[in-house]
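> First the structure, which I've put down as structure tokens, then a few questions once you've had a look.
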Amino acid sequence: MRIAIVGASGYTSSELIRLLVSHPGGIDLVAVTSETYPGVQVTRAMPNLRGYCDLSFESFDLDALRDRIDVAVLAVPHKVAQDFAPVLLGAGLRVIDFSADYRLHSADDYESWYKSQHTTPDLLSQAVYGLPERYRDAIRSADLVANPGCYPTSAILGAMPLVENGFVEPDSIIIDSKSGISGAGKKADEKTHFANRESNLTAYNIGVHRHTPEIEQELTAAAGETVRVSFTPHLMPMTRGILSTIYATLRRPMSTGELLDAYFTRFKAEPFVQVLDAGEYAQTKAVLGSNNVHISLEVDPRVGRVVVTSVLDNLVKGASGAVVQNLNLMAGLDETAGIRFPGLMP
Ligand SMILES: NC(=O)c1ccc[n+]([C@@H]2O[C@H](COP(=O)([O-])OP(=O)(O)OC[C@H]3O[C@@H](n4cnc5c(N)ncnc54)[C@H](OP(=O)(O)O)[C@@H]3O)[C@@H](O)[C@H]2O)c1
């Protein structure tokens with residue numbers, strides 16, 4: 001399967017190239033487009049790839065691309081992806097979109113959360129949400145895959161067994177997430193500037209973060225009843241990693257062991273989701289650079305709540321590792337090819 005990355009000079013793309021140049025076979029990265037660096041060698045912008053990638057960036061040109069590739073991966077911001085996806089699909093290519101443009105089923109939801117009109121709402125019904133742990137079979141044959149957001153992946157996988165089994169009140173879920181700064185992309189602004197982030201911690205977008213409807217959509221589908229969440233993201237003074245702490249009220253008294261058993265059962269066949277034993281706590285460094293999600297939990301019987309923690313690397317399982325997992329499925333390869341390795345610790 002021949003791949004091009006569109007908008008390839010950013011962080012998710014850099015991570016995707018890193019993973020694809022080590023892929024064991026069946027997926028070939030043949031083109032990387034960039035409007036910032038046309039004609040420039042990839043290794044000039046991404047020095048970590050020296051010795052592994054001899055591609056140069058090229059300006060996007062559909063006529064120059066269409067016969068060379070099977071799948072285009074859009075590594076551009078939301079709204080911009082809507083300019084590319086219909087054109088690429090119309091040329092008979094398959095598309096994976098990193099952005100949020102095709103994740104929500106409802107154009108109205110998109111417009112109210114993203115404050116922007118959806119220009120290709122007809123494509124929403126054909127997009128498959130790219131979370132293999134729920135939609136593996138549909139991803140295999142999809143033409144348009146909406147790769148999940150980084151916060152949503154940690155929150156949805158962390159809460160999924162709770163709602164699938166009806167263990168918790170569906171309107172009681174609180175998701176408190178902490179993220180490294182690379183989640184905001186490569187361009188620094190006042191919010192992400194080193195001087196404002198180093199030794200600093202802040203919440204942001206309380207009640208209005210755009211990942212909220214995506215989390216609710218997927219947890220509602222998993223629950224079979226409406227799920228509403230309070231989602232509060234925080235920026236951490238670190239480069240990569242997300243830790244989501246998920247609080248929910250139990251419908252009946254349950255022990256930590258009983259809930260852990262349900263989590264072990266739910267994820268035992270999942271190659272990239274590891275449930276930790278009782279008494280262990282998930283930590284971001286244990287998954288750094290890997291496609292793994294670690295989940296730990298405890299019941300707090302005094303208040304009748306379960307507290308789940310879920311960690312991942314926002315650039316790997318939260319973005320580019322998930323793209324490789326989806327590409328493997330779309331190509332009919334082993335889903336773990338090229339992404340089965342542990343985190344970098346310490
Ligand atoms: N960072 C994360 O942890 C993360 C996780 C999950 C999903 N995502 C999503 O993945 C996508 C890429 O994120 P990123 O972190 O890689 O962002 P980034 O570092 O800012 O890179 C985005 C790239 O998109 C291209 N681009 C930017 N503005 C554009 C415009 N107006 N028109 C056309 N191309 C434009 C640029 O590529 P060229 O200059 O090379 O053309 C830019 O390098 C976003 O939709 C983001 O929401 C990010």
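We label chains A, B, ... in the order they appear in the structure tokens, count residues from 1 in each chain, and number ligands from 1 in the order shown.
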Using 8 Å as the limit and counting only C-alpha atoms and all ligand atoms, can you tabulate each residue of chain A that touches ligand 1, with its shortest atom-to-atom distance in Å and the two atoms involved, as a Markdown table?

```
| residue | atom | partner | partner_atom_place_in_ligand_line | distance |
| --- | --- | --- | --- | --- |
| A:Val6 | CA | ligand 1 | 41 (O) | 6.9 |
| A:Gly7 | CA | ligand 1 | 37 (O) | 3.5 |
| A:Ala8 | CA | ligand 1 | 40 (O) | 4.5 |
| A:Ser9 | CA | ligand 1 | 40 (O) | 3.8 |
| A:Gly10 | CA | ligand 1 | 21 (O) | 3.3 |
| A:Tyr11 | CA | ligand 1 | 16 (O) | 3.9 |
| A:Thr12 | CA | ligand 1 | 16 (O) | 3.7 |
| A:Ser13 | CA | ligand 1 | 16 (O) | 5.6 |
| A:Ser14 | CA | ligand 1 | 16 (O) | 7.6 |
| A:Thr33 | CA | ligand 1 | 40 (O) | 6.3 |
| A:Ser34 | CA | ligand 1 | 40 (O) | 3.4 |
| A:Glu35 | CA | ligand 1 | 41 (O) | 3.9 |
| A:Thr36 | CA | ligand 1 | 39 (O) | 4.0 |
| A:Tyr37 | CA | ligand 1 | 40 (O) | 6.3 |
| A:Phe57 | CA | ligand 1 | 40 (O) | 7.9 |
| A:Ser59 | CA | ligand 1 | 41 (O) | 7.9 |
| A:Leu74 | CA | ligand 1 | 11 (C) | 7.4 |
| A:Ala75 | CA | ligand 1 | 12 (C) | 4.4 |
| A:Val76 | CA | ligand 1 | 24 (O) | 3.5 |
| A:Pro77 | CA | ligand 1 | 45 (O) | 3.5 |
| A:His78 | CA | ligand 1 | 45 (O) | 4.9 |
| A:Val80 | CA | ligand 1 | 32 (N) | 5.5 |
| A:Ala81 | CA | ligand 1 | 45 (O) | 7.6 |
| A:Asp97 | CA | ligand 1 | 45 (O) | 7.7 |
| A:Phe98 | CA | ligand 1 | 10 (O) | 4.4 |
| A:Ser99 | CA | ligand 1 | 45 (O) | 3.3 |
| A:Ala100 | CA | ligand 1 | 45 (O) | 6.3 |
| A:Asn147 | CA | ligand 1 | 7 (C) | 7.4 |
| A:Pro148 | CA | ligand 1 | 6 (C) | 6.9 |
| A:Gly149 | CA | ligand 1 | 6 (C) | 4.7 |
| A:Cys150 | CA | ligand 1 | 6 (C) | 4.7 |
| A:Ser182 | CA | ligand 1 | 1 (N) | 5.3 |
| A:Gly183 | CA | ligand 1 | 3 (O) | 3.4 |
| A:Ala184 | CA | ligand 1 | 1 (N) | 5.3 |
| A:Gly185 | CA | ligand 1 | 15 (O) | 3.3 |
| A:Lys186 | CA | ligand 1 | 19 (O) | 3.8 |
| A:Lys187 | CA | ligand 1 | 20 (O) | 5.7 |
| A:Arg240 | CA | ligand 1 | 3 (O) | 7.8 |
| A:Asn314 | CA | ligand 1 | 3 (O) | 4.5 |
| A:Leu315 | CA | ligand 1 | 3 (O) | 4.6 |
| A:Gly318 | CA | ligand 1 | 5 (C) | 5.4 |
| A:Ala319 | CA | ligand 1 | 6 (C) | 4.3 |
| A:Ser320 | CA | ligand 1 | 6 (C) | 7.7 |
```
> Pull C-alpha atoms from the residues just selected and write them as an mmCIF file, in the first residue's frame.

```cif
data_model
loop_
_atom_site.group_PDB
_atom_site.id
_atom_site.type_symbol
_atom_site.label_atom_id
_atom_site.label_comp_id
_atom_site.auth_asym_id
_atom_site.auth_seq_id
_atom_site.Cartn_x
_atom_site.Cartn_y
_atom_site.Cartn_z
ATOM 1 C CA VAL A 6 -0.277 15.818 3.148
ATOM 2 C CA GLY A 7 0.870 18.750 5.325
ATOM 3 C CA ALA A 8 3.889 16.707 6.216
ATOM 4 C CA SER A 9 6.162 19.119 8.069
ATOM 5 C CA GLY A 10 4.241 19.065 11.374
ATOM 6 C CA TYR A 11 4.586 17.004 14.537
ATOM 7 C CA THR A 12 2.158 14.184 13.764
ATOM 8 C CA SER A 13 3.695 13.752 10.339
ATOM 9 C CA SER A 14 7.214 13.677 11.714
ATOM 10 C CA THR A 33 3.717 17.198 0.654
ATOM 11 C CA SER A 34 4.447 20.525 2.302
ATOM 12 C CA GLU A 35 3.634 24.070 1.342
ATOM 13 C CA THR A 36 6.273 25.351 3.772
ATOM 14 C CA TYR A 37 9.207 23.222 2.591
ATOM 15 C CA PHE A 57 8.922 17.510 0.478
ATOM 16 C CA SER A 59 4.054 20.848 -3.099
ATOM 17 C CA LEU A 74 -4.071 14.307 5.964
ATOM 18 C CA ALA A 75 -1.842 15.781 8.680
ATOM 19 C CA VAL A 76 -3.376 19.248 8.402
ATOM 20 C CA PRO A 77 -5.561 21.250 10.826
ATOM 21 C CA HIS A 78 -9.335 20.842 10.963
ATOM 22 C CA VAL A 80 -8.179 22.472 5.991
ATOM 23 C CA ALA A 81 -8.794 18.698 5.807
ATOM 24 C CA ASP A 97 -7.626 12.249 8.358
ATOM 25 C CA PHE A 98 -5.726 13.212 11.514
ATOM 26 C CA SER A 99 -8.021 16.172 12.093
ATOM 27 C CA ALA A 100 -11.451 16.380 13.709
ATOM 28 C CA ASN A 147 -8.362 9.151 13.180
ATOM 29 C CA PRO A 148 -9.431 9.790 16.791
ATOM 30 C CA GLY A 149 -8.269 12.750 18.853
ATOM 31 C CA CYS A 150 -5.546 12.258 21.442
ATOM 32 C CA SER A 182 3.250 18.749 21.514
ATOM 33 C CA GLY A 183 -0.533 18.169 21.456
ATOM 34 C CA ALA A 184 -0.824 21.745 20.212
ATOM 35 C CA GLY A 185 1.330 21.173 17.112
ATOM 36 C CA LYS A 186 4.684 22.649 16.146
ATOM 37 C CA LYS A 187 3.834 26.357 16.088
ATOM 38 C CA ARG A 240 4.577 14.313 25.126
ATOM 39 C CA ASN A 314 -0.406 11.818 22.226
ATOM 40 C CA LEU A 315 1.811 11.575 19.130
ATOM 41 C CA GLY A 318 -3.029 9.492 20.246
ATOM 42 C CA ALA A 319 -2.138 10.187 16.585
ATOM 43 C CA SER A 320 0.490 8.557 14.341
#
```
> When DSSP is applied to the backbone of this structure, which of segment 88-320 of chain A are assigned strand (DSSP E or B)? Write them out as an MDAnalysis selection string.
chainID A and resid 94:97 128:129 144:146 168 173:179 202:203 229:235 242:250 273:275 293:300 305:312
> One decimal, in Å: what's the spacing between atom CA of Gly158 of chain A and atom CA of Glu335 of chain A?
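One can read the atom CA of Gly158 of chain A to atom CA of Glu335 of chain A distance as 20.9 Å.
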> Measuring between only C-alpha atoms, which one of A:Leu312, A:Ile5, A:Leu162, A:Leu243 shows the shortest distance to Asp261 of chain A?
A:Leu162
> For Pro271 of chain A, work out the shell of residues within 10 Å, counting only C-alpha atoms and skipping chain neighbours fewer than 4 positions away, then give it as a PyMOL selection string.
chain A and resi 133+267+291-293+335-336+340
> Keeping only N, CA, C and O atoms, write those residues as an mmCIF file, in the first residue's frame.

```cif
data_model
loop_
_atom_site.group_PDB
_atom_site.id
_atom_site.type_symbol
_atom_site.label_atom_id
_atom_site.label_comp_id
_atom_site.auth_asym_id
_atom_site.auth_seq_id
_atom_site.Cartn_x
_atom_site.Cartn_y
_atom_site.Cartn_z
ATOM 1 N N GLU A 133 -10.122 -0.585 18.523
ATOM 2 C CA GLU A 133 -10.682 -1.301 19.682
ATOM 3 C C GLU A 133 -12.206 -1.302 19.652
ATOM 4 O O GLU A 133 -12.838 -2.040 20.411
ATOM 5 N N PHE A 267 -10.148 -6.102 27.393
ATOM 6 C CA PHE A 267 -8.961 -5.735 26.607
ATOM 7 C C PHE A 267 -7.984 -6.886 26.399
ATOM 8 O O PHE A 267 -6.903 -6.680 25.849
ATOM 9 N N ASN A 291 2.970 2.713 21.123
ATOM 10 C CA ASN A 291 1.544 2.768 20.738
ATOM 11 C C ASN A 291 0.647 2.210 21.853
ATOM 12 O O ASN A 291 -0.513 1.902 21.611
ATOM 13 N N ASN A 292 1.196 2.100 23.051
ATOM 14 C CA ASN A 292 0.453 1.459 24.139
ATOM 15 C C ASN A 292 -0.407 2.445 24.924
ATOM 16 O O ASN A 292 -0.063 3.619 25.055
ATOM 17 N N VAL A 293 -1.502 1.905 25.463
ATOM 18 C CA VAL A 293 -2.326 2.616 26.441
ATOM 19 C C VAL A 293 -2.267 1.797 27.722
ATOM 20 O O VAL A 293 -2.490 0.577 27.680
ATOM 21 N N GLU A 335 -2.075 -6.151 12.313
ATOM 22 C CA GLU A 335 -2.398 -4.824 12.864
ATOM 23 C C GLU A 335 -1.240 -4.210 13.661
ATOM 24 O O GLU A 335 -1.137 -2.994 13.799
ATOM 25 N N THR A 336 -0.348 -5.056 14.176
ATOM 26 C CA THR A 336 0.712 -4.552 15.048
ATOM 27 C C THR A 336 2.013 -4.268 14.289
ATOM 28 O O THR A 336 2.995 -3.834 14.896
ATOM 29 N N ARG A 340 4.866 -2.437 17.363
ATOM 30 C CA ARG A 340 4.841 -3.285 18.559
ATOM 31 C C ARG A 340 6.184 -3.144 19.274
ATOM 32 O O ARG A 340 7.137 -3.891 18.993
#
```
> Using atom CA of Ala91 of chain A and atom CA of Tyr135 of chain A as the two end points, give the distance in Å to one decimal.
25.3 Å
> I'd like the neighbourhood of Gly51 of chain A as a list in words, where a residue qualifies if any of its atoms comes within 12 Å (using only C-alpha atoms), though same-chain residues fewer than 3 positions away should be ignored.
Arg18, Val21, Ser22, Gln41, Val42, Thr43, Arg44, Met46, Pro47, Asn48, Asp54 and Leu55 of chain A
> Could you name the residues that touch segment 248-257 of chain A at 10 Å or less, counting only C-alpha atoms, but leaving out those on the same chain fewer than 5 positions away, as number ranges by chain?
A: 159, 162-163, 166-175, 229, 262-263, 277-279, 297-301, 303-308
